[in-house]
Every structure is written in C-alpha cells, then in structure tokens.
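**Q** Pasting structure-v6.txt here (compact mmCIF, N, CA and C atoms):
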# COMPACT_ATOMS: atom_id res chain seq x y z
N MET A 81 -8.40 -6.50 -14.88
CA MET A 81 -8.73 -6.29 -13.47
C MET A 81 -7.44 -5.95 -12.72
N PRO A 82 -7.37 -4.77 -12.10
CA PRO A 82 -6.15 -4.39 -11.38
C PRO A 82 -5.94 -5.26 -10.13
N HIS A 83 -4.68 -5.59 -9.89
CA HIS A 83 -4.32 -6.41 -8.73
C HIS A 83 -3.79 -5.50 -7.62
N LEU A 84 -4.46 -5.55 -6.48
CA LEU A 84 -4.08 -4.76 -5.32
C LEU A 84 -3.54 -5.69 -4.24
N LEU A 85 -2.38 -5.37 -3.68
CA LEU A 85 -1.84 -6.11 -2.55
C LEU A 85 -2.05 -5.27 -1.30
N LEU A 86 -2.71 -5.84 -0.31
CA LEU A 86 -2.97 -5.18 0.96
C LEU A 86 -2.08 -5.83 2.02
N ILE A 87 -1.23 -5.02 2.67
CA ILE A 87 -0.38 -5.53 3.74
C ILE A 87 -0.86 -4.87 5.03
N GLU A 88 -1.61 -5.65 5.81
CA GLU A 88 -2.33 -5.13 6.99
C GLU A 88 -2.52 -6.27 7.96
N ASP A 89 -2.25 -6.04 9.25
CA ASP A 89 -2.38 -7.12 10.23
C ASP A 89 -3.72 -7.16 10.95
N ASP A 90 -4.55 -6.16 10.78
CA ASP A 90 -5.87 -6.14 11.42
C ASP A 90 -6.85 -6.91 10.53
N GLU A 91 -7.19 -8.13 10.96
CA GLU A 91 -8.01 -9.01 10.12
C GLU A 91 -9.38 -8.42 9.79
N SER A 92 -9.97 -7.67 10.71
CA SER A 92 -11.29 -7.08 10.42
C SER A 92 -11.16 -6.01 9.33
N LEU A 93 -10.08 -5.22 9.37
CA LEU A 93 -9.87 -4.23 8.31
C LEU A 93 -9.59 -4.90 6.98
N VAL A 94 -8.81 -5.97 7.01
CA VAL A 94 -8.52 -6.71 5.78
C VAL A 94 -9.83 -7.17 5.14
N ALA A 95 -10.73 -7.73 5.94
CA ALA A 95 -12.02 -8.21 5.42
C ALA A 95 -12.82 -7.06 4.82
N ILE A 96 -12.85 -5.92 5.49
CA ILE A 96 -13.61 -4.76 5.01
C ILE A 96 -13.01 -4.23 3.71
N TYR A 97 -11.68 -4.00 3.71
CA TYR A 97 -11.02 -3.46 2.51
C TYR A 97 -11.14 -4.43 1.33
N LYS A 98 -10.94 -5.71 1.61
CA LYS A 98 -10.99 -6.73 0.55
C LYS A 98 -12.38 -6.75 -0.08
N ALA A 99 -13.41 -6.77 0.74
CA ALA A 99 -14.79 -6.78 0.23
C ALA A 99 -15.07 -5.53 -0.62
N LYS A 100 -14.65 -4.39 -0.15
CA LYS A 100 -14.90 -3.13 -0.87
C LYS A 100 -14.17 -3.11 -2.20
N PHE A 101 -12.88 -3.43 -2.19
CA PHE A 101 -12.11 -3.36 -3.43
C PHE A 101 -12.55 -4.44 -4.42
N GLU A 102 -12.91 -5.62 -3.95
CA GLU A 102 -13.40 -6.65 -4.87
C GLU A 102 -14.72 -6.22 -5.50
N LYS A 103 -15.59 -5.60 -4.71
CA LYS A 103 -16.86 -5.08 -5.23
C LYS A 103 -16.60 -4.01 -6.29
N GLU A 104 -15.49 -3.28 -6.14
CA GLU A 104 -15.14 -2.20 -7.08
C GLU A 104 -14.34 -2.72 -8.29
N GLY A 105 -14.18 -4.06 -8.39
CA GLY A 105 -13.55 -4.63 -9.57
C GLY A 105 -12.06 -4.91 -9.47
N PHE A 106 -11.52 -4.98 -8.26
CA PHE A 106 -10.11 -5.27 -8.06
C PHE A 106 -9.92 -6.73 -7.68
N MET A 107 -8.78 -7.29 -8.05
CA MET A 107 -8.35 -8.57 -7.51
C MET A 107 -7.49 -8.20 -6.29
N VAL A 108 -7.80 -8.76 -5.13
CA VAL A 108 -7.11 -8.37 -3.90
C VAL A 108 -6.37 -9.55 -3.29
N SER A 109 -5.09 -9.33 -2.99
CA SER A 109 -4.30 -10.28 -2.19
C SER A 109 -4.01 -9.58 -0.88
N ALA A 110 -3.89 -10.34 0.19
CA ALA A 110 -3.61 -9.74 1.49
C ALA A 110 -2.52 -10.53 2.21
N GLU A 111 -1.67 -9.80 2.90
CA GLU A 111 -0.63 -10.38 3.75
C GLU A 111 -0.70 -9.68 5.09
N LYS A 112 -0.44 -10.43 6.18
CA LYS A 112 -0.61 -9.85 7.51
C LYS A 112 0.68 -9.39 8.17
N ASP A 113 1.83 -9.56 7.48
CA ASP A 113 3.08 -9.05 8.03
C ASP A 113 3.99 -8.58 6.91
N GLY A 114 5.01 -7.84 7.30
CA GLY A 114 5.90 -7.23 6.32
C GLY A 114 6.69 -8.22 5.49
N GLU A 115 7.17 -9.27 6.11
CA GLU A 115 7.96 -10.27 5.37
C GLU A 115 7.11 -10.93 4.29
N GLY A 116 5.90 -11.36 4.66
CA GLY A 116 4.99 -11.98 3.69
C GLY A 116 4.58 -11.00 2.61
N GLY A 117 4.36 -9.75 3.00
CA GLY A 117 3.97 -8.72 2.04
C GLY A 117 5.06 -8.44 1.02
N LEU A 118 6.30 -8.34 1.49
CA LEU A 118 7.43 -8.10 0.59
C LEU A 118 7.59 -9.28 -0.37
N ARG A 119 7.54 -10.48 0.18
CA ARG A 119 7.70 -11.70 -0.64
C ARG A 119 6.59 -11.76 -1.70
N SER A 120 5.35 -11.52 -1.29
CA SER A 120 4.21 -11.55 -2.21
C SER A 120 4.35 -10.49 -3.30
N ALA A 121 4.74 -9.29 -2.91
CA ALA A 121 4.89 -8.19 -3.88
C ALA A 121 5.94 -8.54 -4.94
N LEU A 122 7.10 -9.03 -4.50
CA LEU A 122 8.18 -9.32 -5.43
C LEU A 122 7.86 -10.53 -6.32
N LEU A 123 7.06 -11.44 -5.81
CA LEU A 123 6.69 -12.64 -6.56
C LEU A 123 5.55 -12.37 -7.55
N ASN A 124 4.53 -11.62 -7.10
CA ASN A 124 3.30 -11.47 -7.88
C ASN A 124 3.15 -10.15 -8.63
N HIS A 125 4.01 -9.17 -8.34
CA HIS A 125 3.98 -7.87 -9.02
C HIS A 125 2.58 -7.26 -9.13
N PRO A 126 1.96 -6.94 -7.98
CA PRO A 126 0.64 -6.31 -8.04
C PRO A 126 0.73 -4.93 -8.71
N ASP A 127 -0.42 -4.41 -9.13
CA ASP A 127 -0.46 -3.10 -9.77
C ASP A 127 -0.29 -1.97 -8.77
N ILE A 128 -0.69 -2.22 -7.53
CA ILE A 128 -0.60 -1.20 -6.47
C ILE A 128 -0.55 -1.91 -5.13
N ILE A 129 0.09 -1.26 -4.15
CA ILE A 129 0.22 -1.85 -2.81
C ILE A 129 -0.32 -0.86 -1.78
N LEU A 130 -1.20 -1.33 -0.90
CA LEU A 130 -1.63 -0.57 0.27
C LEU A 130 -0.94 -1.21 1.46
N ILE A 131 -0.23 -0.41 2.23
CA ILE A 131 0.55 -0.97 3.32
C ILE A 131 0.41 -0.15 4.60
N ASP A 132 0.20 -0.85 5.70
CA ASP A 132 0.17 -0.23 7.01
C ASP A 132 1.61 -0.08 7.49
N ILE A 133 1.88 0.91 8.31
CA ILE A 133 3.24 1.10 8.84
C ILE A 133 3.52 0.12 9.97
N LYS A 134 2.56 -0.01 10.89
CA LYS A 134 2.77 -0.89 12.06
C LYS A 134 2.25 -2.28 11.77
N ILE A 135 3.14 -3.12 11.24
CA ILE A 135 2.82 -4.52 10.96
C ILE A 135 3.93 -5.39 11.52
N PRO A 136 3.64 -6.64 11.84
CA PRO A 136 4.65 -7.53 12.42
C PRO A 136 5.77 -7.92 11.44
N LYS A 137 6.85 -8.39 12.01
CA LYS A 137 8.02 -8.97 11.33
C LYS A 137 8.88 -7.97 10.58
N MET A 138 8.29 -7.00 9.90
CA MET A 138 9.03 -5.95 9.21
C MET A 138 8.04 -4.81 9.02
N ASP A 139 8.34 -3.62 9.55
CA ASP A 139 7.34 -2.54 9.45
C ASP A 139 7.18 -2.07 8.00
N GLY A 140 6.09 -1.37 7.77
CA GLY A 140 5.74 -0.92 6.42
C GLY A 140 6.79 -0.05 5.78
N MET A 141 7.47 0.78 6.58
CA MET A 141 8.50 1.66 6.02
C MET A 141 9.67 0.83 5.49
N MET A 142 10.04 -0.24 6.21
CA MET A 142 11.13 -1.09 5.76
C MET A 142 10.72 -1.88 4.51
N VAL A 143 9.47 -2.34 4.47
CA VAL A 143 8.99 -3.04 3.28
C VAL A 143 9.10 -2.11 2.07
N MET A 144 8.66 -0.86 2.24
CA MET A 144 8.71 0.10 1.15
C MET A 144 10.16 0.35 0.72
N LYS A 145 11.04 0.51 1.68
CA LYS A 145 12.47 0.73 1.38
C LYS A 145 13.03 -0.45 0.58
N LYS A 146 12.72 -1.67 1.01
CA LYS A 146 13.22 -2.86 0.32
C LYS A 146 12.61 -2.99 -1.09
N LEU A 147 11.34 -2.64 -1.23
CA LEU A 147 10.72 -2.67 -2.55
C LEU A 147 11.42 -1.70 -3.50
N ARG A 148 11.78 -0.53 -3.00
CA ARG A 148 12.41 0.49 -3.83
C ARG A 148 13.81 0.09 -4.28
N GLU A 149 14.40 -0.93 -3.64
CA GLU A 149 15.72 -1.43 -4.04
C GLU A 149 15.62 -2.41 -5.21
N ASP A 150 14.40 -2.86 -5.53
CA ASP A 150 14.17 -3.83 -6.59
C ASP A 150 13.83 -3.11 -7.89
N LYS A 151 14.26 -3.67 -9.03
CA LYS A 151 14.01 -3.05 -10.34
C LYS A 151 12.50 -2.84 -10.57
N TRP A 152 11.70 -3.88 -10.33
CA TRP A 152 10.25 -3.72 -10.48
C TRP A 152 9.69 -2.83 -9.37
N GLY A 153 10.14 -3.07 -8.14
CA GLY A 153 9.60 -2.40 -6.97
C GLY A 153 9.86 -0.91 -6.90
N GLU A 154 10.88 -0.44 -7.64
CA GLU A 154 11.18 0.99 -7.57
C GLU A 154 10.07 1.83 -8.18
N LYS A 155 9.23 1.22 -9.02
CA LYS A 155 8.18 1.97 -9.71
C LYS A 155 6.76 1.65 -9.24
N VAL A 156 6.57 0.57 -8.47
CA VAL A 156 5.22 0.18 -8.09
C VAL A 156 4.59 1.27 -7.21
N PRO A 157 3.35 1.65 -7.50
CA PRO A 157 2.68 2.64 -6.65
C PRO A 157 2.37 2.03 -5.27
N ILE A 158 2.68 2.80 -4.24
CA ILE A 158 2.43 2.37 -2.86
C ILE A 158 1.63 3.46 -2.15
N ILE A 159 0.59 3.04 -1.45
CA ILE A 159 -0.18 3.96 -0.60
C ILE A 159 -0.02 3.48 0.83
N ILE A 160 0.44 4.38 1.68
CA ILE A 160 0.57 4.09 3.11
C ILE A 160 -0.79 4.33 3.75
N ILE A 161 -1.27 3.33 4.50
CA ILE A 161 -2.53 3.48 5.25
C ILE A 161 -2.21 3.21 6.72
N THR A 162 -2.53 4.14 7.58
CA THR A 162 -2.17 3.97 8.98
C THR A 162 -2.98 4.88 9.88
N ASN A 163 -2.97 4.58 11.15
CA ASN A 163 -3.47 5.49 12.17
C ASN A 163 -2.31 5.97 13.02
N PHE A 164 -1.11 5.55 12.67
CA PHE A 164 0.11 5.88 13.37
C PHE A 164 0.50 7.32 13.06
N ASP A 165 0.68 8.12 14.08
CA ASP A 165 1.09 9.51 13.90
C ASP A 165 2.61 9.55 13.77
N VAL A 166 3.08 9.90 12.59
CA VAL A 166 4.53 9.87 12.36
C VAL A 166 5.19 11.18 12.74
N THR A 167 6.47 11.10 13.07
CA THR A 167 7.26 12.28 13.40
C THR A 167 7.76 12.91 12.11
N ASP A 168 8.31 14.12 12.23
CA ASP A 168 8.87 14.82 11.06
C ASP A 168 9.95 13.98 10.39
N GLY A 169 10.81 13.35 11.17
CA GLY A 169 11.88 12.52 10.63
C GLY A 169 11.32 11.35 9.84
N GLN A 170 10.25 10.75 10.36
CA GLN A 170 9.65 9.63 9.66
C GLN A 170 8.96 10.07 8.38
N ILE A 171 8.36 11.26 8.39
CA ILE A 171 7.73 11.79 7.18
C ILE A 171 8.78 11.97 6.09
N SER A 172 9.95 12.55 6.43
CA SER A 172 10.97 12.75 5.40
C SER A 172 11.51 11.41 4.92
N GLU A 173 11.58 10.42 5.81
CA GLU A 173 12.01 9.08 5.41
C GLU A 173 10.98 8.46 4.47
N LEU A 174 9.70 8.66 4.77
CA LEU A 174 8.64 8.15 3.90
C LEU A 174 8.72 8.78 2.52
N VAL A 175 8.87 10.10 2.48
CA VAL A 175 8.90 10.83 1.22
C VAL A 175 10.05 10.33 0.35
N GLU A 176 11.17 10.00 0.99
CA GLU A 176 12.34 9.47 0.30
C GLU A 176 11.99 8.24 -0.54
N ASP A 177 11.08 7.41 -0.04
CA ASP A 177 10.72 6.17 -0.73
C ASP A 177 9.48 6.31 -1.61
N HIS A 178 9.04 7.54 -1.81
CA HIS A 178 8.01 7.91 -2.78
C HIS A 178 6.68 7.16 -2.69
N PRO A 179 6.02 7.23 -1.54
CA PRO A 179 4.65 6.68 -1.55
C PRO A 179 3.76 7.62 -2.37
N ALA A 180 2.73 7.08 -2.99
CA ALA A 180 1.82 7.90 -3.78
C ALA A 180 0.92 8.73 -2.86
N TYR A 181 0.54 8.13 -1.73
CA TYR A 181 -0.30 8.81 -0.74
C TYR A 181 0.05 8.28 0.63
N TYR A 182 -0.30 9.09 1.62
CA TYR A 182 -0.20 8.71 3.03
C TYR A 182 -1.59 8.98 3.59
N LEU A 183 -2.36 7.93 3.87
CA LEU A 183 -3.75 8.09 4.32
C LEU A 183 -3.93 7.65 5.77
N PHE A 184 -4.61 8.47 6.56
CA PHE A 184 -4.98 8.07 7.92
C PHE A 184 -6.28 7.28 7.82
N LYS A 185 -6.25 6.03 8.27
CA LYS A 185 -7.41 5.15 8.17
C LYS A 185 -8.65 5.78 8.80
N ALA A 186 -8.48 6.38 9.97
CA ALA A 186 -9.62 6.93 10.71
C ALA A 186 -10.28 8.10 9.97
N ASN A 187 -9.52 8.79 9.11
CA ASN A 187 -10.05 9.97 8.43
C ASN A 187 -10.38 9.72 6.96
N THR A 188 -10.27 8.48 6.51
CA THR A 188 -10.47 8.17 5.10
C THR A 188 -11.60 7.15 4.95
N THR A 189 -12.61 7.53 4.19
CA THR A 189 -13.71 6.58 3.95
C THR A 189 -13.24 5.52 2.94
N LEU A 190 -13.99 4.44 2.87
CA LEU A 190 -13.67 3.40 1.88
C LEU A 190 -13.76 3.94 0.46
N ASP A 191 -14.77 4.76 0.21
CA ASP A 191 -14.90 5.35 -1.13
C ASP A 191 -13.71 6.24 -1.47
N GLU A 192 -13.26 7.03 -0.50
CA GLU A 192 -12.08 7.89 -0.72
C GLU A 192 -10.84 7.04 -1.00
N MET A 193 -10.71 5.93 -0.28
CA MET A 193 -9.57 5.05 -0.48
C MET A 193 -9.59 4.47 -1.90
N VAL A 194 -10.76 4.02 -2.35
CA VAL A 194 -10.90 3.50 -3.72
C VAL A 194 -10.56 4.60 -4.73
N ASP A 195 -11.05 5.81 -4.49
CA ASP A 195 -10.75 6.94 -5.39
C ASP A 195 -9.25 7.20 -5.48
N ARG A 196 -8.56 7.19 -4.33
CA ARG A 196 -7.10 7.41 -4.33
C ARG A 196 -6.38 6.32 -5.11
N VAL A 197 -6.80 5.08 -4.90
CA VAL A 197 -6.17 3.95 -5.60
C VAL A 197 -6.37 4.10 -7.11
N ARG A 198 -7.59 4.40 -7.52
CA ARG A 198 -7.87 4.57 -8.97
C ARG A 198 -7.05 5.73 -9.54
N GLU A 199 -6.99 6.83 -8.79
CA GLU A 199 -6.22 8.00 -9.24
C GLU A 199 -4.75 7.64 -9.42
N VAL A 200 -4.18 6.93 -8.46
CA VAL A 200 -2.77 6.55 -8.53
C VAL A 200 -2.54 5.59 -9.70
N LEU A 201 -3.42 4.64 -9.89
CA LEU A 201 -3.27 3.70 -11.00
C LEU A 201 -3.36 4.41 -12.36
N GLU A 202 -4.26 5.37 -12.48
CA GLU A 202 -4.37 6.14 -13.73
C GLU A 202 -3.10 6.94 -13.98
N THR A 203 -2.59 7.57 -12.94
CA THR A 203 -1.36 8.37 -13.06
C THR A 203 -0.17 7.49 -13.43
N SER A 204 -0.04 6.36 -12.75
CA SER A 204 1.12 5.50 -13.00
C SER A 204 1.04 4.85 -14.38
N SER A 205 -0.17 4.52 -14.87
CA SER A 205 -0.24 3.90 -16.19
C SER A 205 0.02 4.94 -17.28
N SER A 206 -0.37 6.19 -17.05
CA SER A 206 -0.10 7.23 -18.07
C SER A 206 1.39 7.58 -18.09
N GLU A 207 2.07 7.44 -16.93
CA GLU A 207 3.51 7.70 -16.89
C GLU A 207 4.28 6.59 -17.62
N ARG A 208 3.77 5.34 -17.51
CA ARG A 208 4.44 4.20 -18.17
C ARG A 208 4.11 4.13 -19.65
N GLY A 209 2.88 4.54 -20.01
CA GLY A 209 2.43 4.38 -21.39
C GLY A 209 2.66 5.61 -22.17
Starting from the coordinates I provided, produce the structure as structure tokens.
**A**
Amino acid sequence: MPHLLLIEDDESLVAIYKAKFEKEGFMVSAEKDGEGGLRSALLNHPDIILIDIKIPKMDGMMVMKKLREDKWGEKVPIIIITNFDVTDGQISELVEDHPAYYLFKANTTLDEMVDRVREVLETSSSERG
C-alpha cells in the first residue's frame, strides 16, 4: 500500500483528499503546516508527497527545497497542489526543486489527482528499479 503524505492547512480539503486516496488504496498521513510536514516526511519516508504552497510556519516551496537537501528527500516524488497563482520567478524556483507536477486544485478533479499520483509513483519506481 503506497504511503502518501499530504501537507495542507485546509481541514476540509484534507478530509476530502484523505477519504478519496484511502478509498483508492493509499495509506494517507496529513500535516497542516510546513514544519510538521517536513518533520513527518524525513521521519516516515512516504512514497509521495502532495504539498500546498501556502501553508503556515514554512511555505511549501521551502519544504520542498529542504527535502531536496536530504539524501532520501532528493528523490521523493512531490506534487504541488495549490490555487496560488505563481509568478515566473517562482515557477523557475519550483522547477529547480523538481516537483513531479504542479496542479491547480480548482482545475483538478479528485480522479485526476489520483491518476497523477499513480503515474508519478509508477515512473519513480521504474526509475529506481
């Protein structure tokens, strides 16, 4: 069962995403701020991380940057989920830290999100194996 870490501060979205991914056969952990998310990721080594950019204590971009500094974290697949419209500078900064996808929550259905996660997990396991 793949382990997904969701770092999102909107409790209603956490409940929706968690229910959907668990129904689809994932084990889901959730953290509501960047510090907790980073700590959980480094401690538990999930198979994939979904992270919002605008979260308390440490934004998603900083969490991703810090994960990429870690031996395990440099390879973990990360999908950015947000409604935040980023600038060109932020896009290039994001690309630098190699997210697998950048998804706008408002334009992505739950099924599409599950499909992206499965696609990324398949790609990352074939690259490792």
**Q** DSSP on the backbone, alpha helix (DSSP H) only: what residues of chain A does that give? Format it as a compact mmCIF listing (two decimals) with N, CA and C atoms, in the coordinates of the input.
**A**
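File written: states.txt
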# COMPACT_ATOMS: atom_id res chain seq x y z
N GLU A 91 -7.19 -8.13 10.96
CA GLU A 91 -8.01 -9.01 10.12
C GLU A 91 -9.38 -8.42 9.79
N SER A 92 -9.97 -7.67 10.71
CA SER A 92 -11.29 -7.08 10.42
C SER A 92 -11.16 -6.01 9.33
N LEU A 93 -10.08 -5.22 9.37
CA LEU A 93 -9.87 -4.23 8.31
C LEU A 93 -9.59 -4.90 6.98
N VAL A 94 -8.81 -5.97 7.01
CA VAL A 94 -8.52 -6.71 5.78
C VAL A 94 -9.83 -7.17 5.14
N ALA A 95 -10.73 -7.73 5.94
CA ALA A 95 -12.02 -8.21 5.42
C ALA A 95 -12.82 -7.06 4.82
N ILE A 96 -12.85 -5.92 5.49
CA ILE A 96 -13.61 -4.76 5.01
C ILE A 96 -13.01 -4.23 3.71
N TYR A 97 -11.68 -4.00 3.71
CA TYR A 97 -11.02 -3.46 2.51
C TYR A 97 -11.14 -4.43 1.33
N LYS A 98 -10.94 -5.71 1.61
CA LYS A 98 -10.99 -6.73 0.55
C LYS A 98 -12.38 -6.75 -0.08
N ALA A 99 -13.41 -6.77 0.74
CA ALA A 99 -14.79 -6.78 0.23
C ALA A 99 -15.07 -5.53 -0.62
N LYS A 100 -14.65 -4.39 -0.15
CA LYS A 100 -14.90 -3.13 -0.87
C LYS A 100 -14.17 -3.11 -2.20
N PHE A 101 -12.88 -3.43 -2.19
CA PHE A 101 -12.11 -3.36 -3.43
C PHE A 101 -12.55 -4.44 -4.42
N GLU A 102 -12.91 -5.62 -3.95
CA GLU A 102 -13.40 -6.65 -4.87
C GLU A 102 -14.72 -6.22 -5.50
N LYS A 103 -15.59 -5.60 -4.71
CA LYS A 103 -16.86 -5.08 -5.23
C LYS A 103 -16.60 -4.01 -6.29
N GLY A 114 5.01 -7.84 7.30
CA GLY A 114 5.90 -7.23 6.32
C GLY A 114 6.69 -8.22 5.49
N GLU A 115 7.17 -9.27 6.11
CA GLU A 115 7.96 -10.27 5.37
C GLU A 115 7.11 -10.93 4.29
N GLY A 116 5.90 -11.36 4.66
CA GLY A 116 4.99 -11.98 3.69
C GLY A 116 4.58 -11.00 2.61
N GLY A 117 4.36 -9.75 3.00
CA GLY A 117 3.97 -8.72 2.04
C GLY A 117 5.06 -8.44 1.02
N LEU A 118 6.30 -8.34 1.49
CA LEU A 118 7.43 -8.10 0.59
C LEU A 118 7.59 -9.28 -0.37
N ARG A 119 7.54 -10.48 0.18
CA ARG A 119 7.70 -11.70 -0.64
C ARG A 119 6.59 -11.76 -1.70
N SER A 120 5.35 -11.52 -1.29
CA SER A 120 4.21 -11.55 -2.21
C SER A 120 4.35 -10.49 -3.30
N ALA A 121 4.74 -9.29 -2.91
CA ALA A 121 4.89 -8.19 -3.88
C ALA A 121 5.94 -8.54 -4.94
N LEU A 122 7.10 -9.03 -4.50
CA LEU A 122 8.18 -9.32 -5.43
C LEU A 122 7.86 -10.53 -6.32
N LEU A 123 7.06 -11.44 -5.81
CA LEU A 123 6.69 -12.64 -6.56
C LEU A 123 5.55 -12.37 -7.55
N ASN A 124 4.53 -11.62 -7.10
CA ASN A 124 3.30 -11.47 -7.88
C ASN A 124 3.15 -10.15 -8.63
N GLY A 140 6.09 -1.37 7.77
CA GLY A 140 5.74 -0.92 6.42
C GLY A 140 6.79 -0.05 5.78
N MET A 141 7.47 0.78 6.58
CA MET A 141 8.50 1.66 6.02
C MET A 141 9.67 0.83 5.49
N MET A 142 10.04 -0.24 6.21
CA MET A 142 11.13 -1.09 5.76
C MET A 142 10.72 -1.88 4.51
N VAL A 143 9.47 -2.34 4.47
CA VAL A 143 8.99 -3.04 3.28
C VAL A 143 9.10 -2.11 2.07
N MET A 144 8.66 -0.86 2.24
CA MET A 144 8.71 0.10 1.15
C MET A 144 10.16 0.35 0.72
N LYS A 145 11.04 0.51 1.68
CA LYS A 145 12.47 0.73 1.38
C LYS A 145 13.03 -0.45 0.58
N LYS A 146 12.72 -1.67 1.01
CA LYS A 146 13.22 -2.86 0.32
C LYS A 146 12.61 -2.99 -1.09
N LEU A 147 11.34 -2.64 -1.23
CA LEU A 147 10.72 -2.67 -2.55
C LEU A 147 11.42 -1.70 -3.50
N ARG A 148 11.78 -0.53 -3.00
CA ARG A 148 12.41 0.49 -3.83
C ARG A 148 13.81 0.09 -4.28
N ASP A 168 8.31 14.12 12.23
CA ASP A 168 8.87 14.82 11.06
C ASP A 168 9.95 13.98 10.39
N GLY A 169 10.81 13.35 11.17
CA GLY A 169 11.88 12.52 10.63
C GLY A 169 11.32 11.35 9.84
N GLN A 170 10.25 10.75 10.36
CA GLN A 170 9.65 9.63 9.66
C GLN A 170 8.96 10.07 8.38
N ILE A 171 8.36 11.26 8.39
CA ILE A 171 7.73 11.79 7.18
C ILE A 171 8.78 11.97 6.09
N SER A 172 9.95 12.55 6.43
CA SER A 172 10.97 12.75 5.40
C SER A 172 11.51 11.41 4.92
N GLU A 173 11.58 10.42 5.81
CA GLU A 173 12.01 9.08 5.41
C GLU A 173 10.98 8.46 4.47
N LEU A 174 9.70 8.66 4.77
CA LEU A 174 8.64 8.15 3.90
C LEU A 174 8.72 8.78 2.52
N VAL A 175 8.87 10.10 2.48
CA VAL A 175 8.90 10.83 1.22
C VAL A 175 10.05 10.33 0.35
N GLU A 176 11.17 10.00 0.99
CA GLU A 176 12.34 9.47 0.30
C GLU A 176 11.99 8.24 -0.54
N LEU A 190 -13.99 4.44 2.87
CA LEU A 190 -13.67 3.40 1.88
C LEU A 190 -13.76 3.94 0.46
N ASP A 191 -14.77 4.76 0.21
CA ASP A 191 -14.90 5.35 -1.13
C ASP A 191 -13.71 6.24 -1.47
N GLU A 192 -13.26 7.03 -0.50
CA GLU A 192 -12.08 7.89 -0.72
C GLU A 192 -10.84 7.04 -1.00
N MET A 193 -10.71 5.93 -0.28
CA MET A 193 -9.57 5.05 -0.48
C MET A 193 -9.59 4.47 -1.90
N VAL A 194 -10.76 4.02 -2.35
CA VAL A 194 -10.90 3.50 -3.72
C VAL A 194 -10.56 4.60 -4.73
N ASP A 195 -11.05 5.81 -4.49
CA ASP A 195 -10.75 6.94 -5.39
C ASP A 195 -9.25 7.20 -5.48
N ARG A 196 -8.56 7.19 -4.33
CA ARG A 196 -7.10 7.41 -4.33
C ARG A 196 -6.38 6.32 -5.11
N VAL A 197 -6.80 5.08 -4.90
CA VAL A 197 -6.17 3.95 -5.60
C VAL A 197 -6.37 4.10 -7.11
N ARG A 198 -7.59 4.40 -7.52
CA ARG A 198 -7.87 4.57 -8.97
C ARG A 198 -7.05 5.73 -9.54
N GLU A 199 -6.99 6.83 -8.79
CA GLU A 199 -6.22 8.00 -9.24
C GLU A 199 -4.75 7.64 -9.42
N VAL A 200 -4.18 6.93 -8.46
CA VAL A 200 -2.77 6.55 -8.53
C VAL A 200 -2.54 5.59 -9.70
N LEU A 201 -3.42 4.64 -9.89
CA LEU A 201 -3.27 3.70 -11.00
C LEU A 201 -3.36 4.41 -12.36
N GLU A 202 -4.26 5.37 -12.48
CA GLU A 202 -4.37 6.14 -13.73
C GLU A 202 -3.10 6.94 -13.98
N THR A 203 -2.59 7.57 -12.94
CA THR A 203 -1.36 8.37 -13.06
C THR A 203 -0.17 7.49 -13.43
N SER A 204 -0.04 6.36 -12.75
CA SER A 204 1.12 5.50 -13.00
C SER A 204 1.04 4.85 -14.38
N SER A 205 -0.17 4.52 -14.87
CA SER A 205 -0.24 3.90 -16.19
C SER A 205 0.02 4.94 -17.28
N SER A 206 -0.37 6.19 -17.05
CA SER A 206 -0.10 7.23 -18.07
C SER A 206 1.39 7.58 -18.09
N GLU A 207 2.07 7.44 -16.93
CA GLU A 207 3.51 7.70 -16.89
C GLU A 207 4.28 6.59 -17.62
N ARG A 208 3.77 5.34 -17.51
CA ARG A 208 4.44 4.20 -18.17
C ARG A 208 4.11 4.13 -19.65
**Q** Go through A:Ser92, A:Met81, A:Leu118, A:Ala99 and flag the residue nearest Met144 of chain A, using all atoms listed in the file for the distances.
**A**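 Of all the options, A:Leu118 lies closest to Met144 of chain A.
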**Q** Record the distance separating atom CA of Asp139 of chain A and atom CA of Phe101 of chain A, expressed in Å with one decimal.
**A**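 Here the two named atoms are 23.3 Å from each other.
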**Q** What is the atom CA of Glu88 of chain A-atom CA of Leu183 of chain A distance in Å, reported with one decimal?
**A**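 Computing it gives 13.6 Å between the two atoms.
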**Q** Restricting the calculation to only N, CA and C atoms: of A:Glu192, A:Asp89, A:Glu154, A:Glu102, which residue gets closest to Gly114 of chain A?
**A** A:Asp89
**Q** To one decimal place in Å, what is the distance between atom CA of Met193 of chain A and atom N of Trp152 of chain A?
**A**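 Taking atom CA of Met193 of chain A as the start and atom N of Trp152 of chain A as the end point, the length is 25.1 Å.
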